[in-house]
Every structure is written in structure tokens, then in C-alpha cells.
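Visitor: Before I ask anything, here is the structure I am working with.
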Amino acid sequence: MDITLSSDDEKTKKNATRTLTDEETSKLKNDTKVLNDFKQRKLEQEAQKNWDLFYKRNTTKFYKDRHWTTREFQDLCNTKSVDKLTVLEAGCGVGNFMFPLLQQNPSLFFYSCDFSPRAVEFVTQNIAYDENRCHVFQCDLTKDILSKTISKCNVDIATLIFVLSAIHPDKFLDVLRNIHTVLKPGGCILFRDYGLHDYAQLRFSQGHKLSENFYVRQDNTRAYYFSSELVAKLFEEAGFESETTEYILRETVNHKEGLNVPRVFVQGKFIKK
């Protein structure tokens with residue numbers, strides 16, 4: 001459902017999401033029909049299979065390397081530190097976040113996990129994979145106990161980058177509490193995900209809605225669109241303090257197609273109490 005675009009202009013950070021046009025407001029208001037319970041249960045039961053099929057189709061070519069992460073999250077930039085930083089990347093995909101950071105910052109050690117066994121396999125097959133600097137494993141963050149793989153209170157920084165949105169809303173807190181157990185006191189989660197009224201949310205046609213702000217794509221993967229208020233509330237309930245929570249508003253331009261697309265993300269940093 002998301003589209004790949006050619007260039008971005010300057011982003012803005014705000015406390016409120018973008019204002020909808022009358023047409024967009026009407027579209028969201030009239031999209032009231034949700035998929036029946038049988039189809040929703042099937043999507044939940046087959047969530048791992050659907051992500052495995054996604055990586056089978058797209059291999060390592062769908063997502064670009066995330067070179068923007070150190071610009072947005074200064075905590076990942078301690079290149080002058082003599083101390084090692086332990087990072088947990090929850091939902092690593094095929095390594096587009098981890099591998100650029102390992103190359104830039106010799107002080108990082110990564111634990112990286114993903115729901116999809118196929119994605120984990122792609123990471124281990126990458127020529128840059130070094131067991132002395134990273135450990136990747138398959139994990140369902142909603143039920144697999146992270147502390148069975150990572151010692152409790154061992155992680156300095158955890159990341160949730162476009163991951164929580166793919167999980168059923170009923171299980172958001174399970175994920176955050178699971179990560180909380182392996183973070184050091186004072187450790188943090190760096191968060192970025194789809195925001196309320198993002199262009200991708202407005203592109204869903206009727207028949208794709210699962211619940212309020214939660215949708216299924218044509219490939220049967222799912223996406224939730226967050227308000228900043230909900231994100232802050234979830235982290236607080238899971239035992240974190242909010243250092244920052246904000247909307248990232250960006251106009252993305254595809255010159256070839258003549259599209260000017262408003263993207264909305266929610267970004268934040270949350271400290272373990």
C-alpha cells in the first residue's frame with residue numbers, strides 16, 4: 001500500500017498531525033465497514049506466513065538502507081565513546097537499519113530480531129554479518145520472552161522503527177513490556193512509525209479496514225496509524241517516561257508521476273523508569 005518516491009523536501013516537527021481536506025475527512029468518516037471476525041482471526045493466525053511471503057517476493061530489495069537514523073536519533077552517534085553500546089533492534093527486517101550503523105559506529109553491538117524467519121536468514125547471509133558485533137534471532141515480540149535470549153537489564157538502546165504498526169493493537173503493550181525487561185534502567189526506546197492521516201492511510205479503499213486506524217494491505221500485511229497521544233500513553237503504561245513525542249510531517253515528491261504526497265510519522269524517545 002505504501003509507495004516508493006523519488007525525493008523528500010524538508011520535514012517539520014509538530015505537536016499535531018496534518019489537517020485533512022474536506023474530501024479526505026469525508027473518506028475516513030464514510031469508511032466504517034470492517035472485515036468480519038473470521039477474516040481478522042485468519043490474518044492474525046497467518047501474520048508470520050504473510051511476512052515470510054513478503055520477503056520471499058521482495059528479498060532484500062524492498063527497503064532502502066536507513067542512513068537517516070543517526071540524523072534523527074543522536075543516541076546512536078557515540079562514535080567517540082570508548083564504551084560499547086548494546087542495541088536491540090526489534091523488528092530488523094533484512095538489516096537496512098543495523099548494517100549501516102555497524103559500519104559507521106564501531107562502539108555498537110546489536111541484538112536484532114524479526115518475526116519472519118526468512119528475514120532473519122537474509123540478515124545472516126549478508127556479507128557484512130559479523131557474529132562478533134551482532135546476533136540475530138527469530139522472535140514474536142508479542143509472546144516470545146526476550147530475556148531468554150538477552151540478559152535482563154542488558155540493553156542500552158532499543159529501537160522500534162516501523163514495527164509496532166504491523167502488530168495487532170491489542171498486543172502493543174505486550175511488545176513494549178517485553179522490551180522493557182531487557183533494557184537497563186535509564187535505557188531508552190527510539191520509536192518511529194506511521195502517523196495518523198498519513199497519505200498511505202488515505203489510500204486504503206473500502207474493504208481494508210480492520211478497526212479504527214488499523215488496515216490490511218493487499219499482501220495481507222497490516223498497518224496501524226498512530227496518534228502521538230496514543231504512543232505516549234502506551235509507553236507510559238509500559239513503564240517508560242516520554243522524553244519526546246512528536247509528529248514528523250514531510251512532503252514527498254515523485255517528479256516522474258507528478259505526485260506531491262503528504263507523509264506523517266510519529267517519532268519519540270522513551271526512557272525506562
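Simple scheme: letters A, B, ... for chains in C-alpha cells order, numbers from 1 for residues in each chain, numbers from 1 for ligands in the order shown.
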Within 12 Å of Asp130 in chain A, counting only C-alpha atoms, which residues qualify if same-chain residues fewer than 3 places away don't, as a ChimeraX atom specification?
Guide: /A:98-99,102-103,109-111,123-127,133-136
Visitor: Okay, now the selection with C-alpha atoms, as a compact mmCIF listing (two decimals), in the first residue's frame?
Guide:
# COMPACT_ATOMS: atom_id res chain seq x y z
CA MET A 98 21.64 -2.34 11.53
CA PHE A 99 24.28 -2.74 8.84
CA LEU A 102 27.62 -1.05 12.38
CA GLN A 103 29.72 0.39 9.58
CA PHE A 109 26.82 -4.28 19.40
CA PHE A 110 23.44 -5.33 18.05
CA TYR A 111 20.84 -7.85 19.07
CA VAL A 123 20.46 -10.95 7.59
CA THR A 124 22.76 -13.89 8.39
CA GLN A 125 23.56 -14.32 4.69
CA ASN A 126 24.64 -10.68 4.33
CA ILE A 127 28.37 -10.35 3.71
CA ARG A 133 29.29 -7.43 16.52
CA CYS A 134 25.72 -8.66 16.18
CA HIS A 135 23.40 -11.52 16.98
CA VAL A 136 20.19 -12.02 15.02
Visitor: Could you pull the residues within 9 Å of range 218-228 of chain A, counting only C-alpha atoms, minus those fewer than 4 positions along the same chain, as JSON, numbers by chain?
Guide: {"A": [1, 15, 16, 17, 43, 46, 47, 50, 51, 53, 54, 164, 165, 166, 167, 168, 169, 193, 194, 195, 196, 197, 198, 201, 208, 210, 212, 213, 214, 232, 233, 245, 246, 247, 265, 266, 267, 268]}
Visitor: So, with only C-alpha atoms as the atoms that count, which of A:Lys56, A:Glu89, A:Ala238, A:Val182 lies closest to Glu121 in chain A?
Guide: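 Among the listed residues, A:Lys56 lies closest to Glu121 in chain A.
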Visitor: Just the number, please: distance in Å from CA of Thr32 in chain A to CA of Asp170 in chain A, one decimal.
Guide: 19.6 Å
Visitor: Between CA of Thr12 in chain A and CA of Ser242 in chain A, what is the spacing in Å?
Guide: 19.8 Å
Visitor: Rounded to one decimal in Å, what is the spacing between CA of Val253 in chain A and CA of Ala200 in chain A?
Guide: 14.1 Å
Visitor: Select, from A:Ile271, A:Cys92, A:Ala128, A:Leu35, the residue with the minimum atom-to-atom distance to Phe115 in chain A, counting only C-alpha atoms.
Guide: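 Checking each candidate against Phe115 in chain A, we get A:Cys92 as the closest.
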Visitor: So which bits of range 97-192 of chain A end up strand (DSSP E) when you DSSP the backbone, as a list in words?
Guide: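 Strand (DSSP E) members of range 97-192 of chain A, listed: Leu108, Phe109, Phe110, Tyr111, Ser112, Cys113, Asp114, Cys134, His135, Val136, Phe137, Gln138, Val155, Asp156, Ile157, Ala158, Thr159, Leu160, Ile161, Leu183, Lys184, Pro185, Gly186, Gly187, Cys188, Ile189, Leu190, Phe191 and Arg192 of chain A.
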Visitor: Quick one: of A:Asp156, A:Asp114, A:Glu251, A:Asp83, who's nearest to Cys139 in chain A, counting only C-alpha atoms?
Guide: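 That would be A:Asp114, the residue with the smallest distance to Cys139 in chain A.
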Visitor: Tell me which of A:Thr149, A:Ile157, A:Leu20, A:Asp52 sits closest to Ala119 in chain A, counting only C-alpha atoms.
Guide: A:Asp52
Visitor: Smallest atom-to-atom distance to Phe137 in chain A: which of A:Lys256, A:Arg217, A:Lys152, A:Arg118, using only C-alpha atoms?
Guide: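 Among A:Lys256, A:Arg217, A:Lys152, A:Arg118, it is A:Arg118 that comes nearest to Phe137 in chain A.
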Visitor: Which residue is closest to Leu85 in chain A? Choose from A:Ser112, A:Thr159, A:Ser151, A:Ser107 and count only C-alpha atoms.
Guide: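 Smallest separation from Leu85 in chain A among the options: A:Ser107.
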Visitor: Need to verify the contact set: Lys269 in chain A, 6 Å, only C-alpha atoms, exclusion of same-chain residues closer than 2 positions in sequence. Can you return it as a ChimeraX atom specification?
Guide: /A:189-190,243-244
Visitor: Would you mind writing down, as number ranges by chain, each residue of range 187-240 of chain A that DSSP on the backbone assigns to helix (DSSP H, G or I)?
Guide: A: 199-202, 228-237
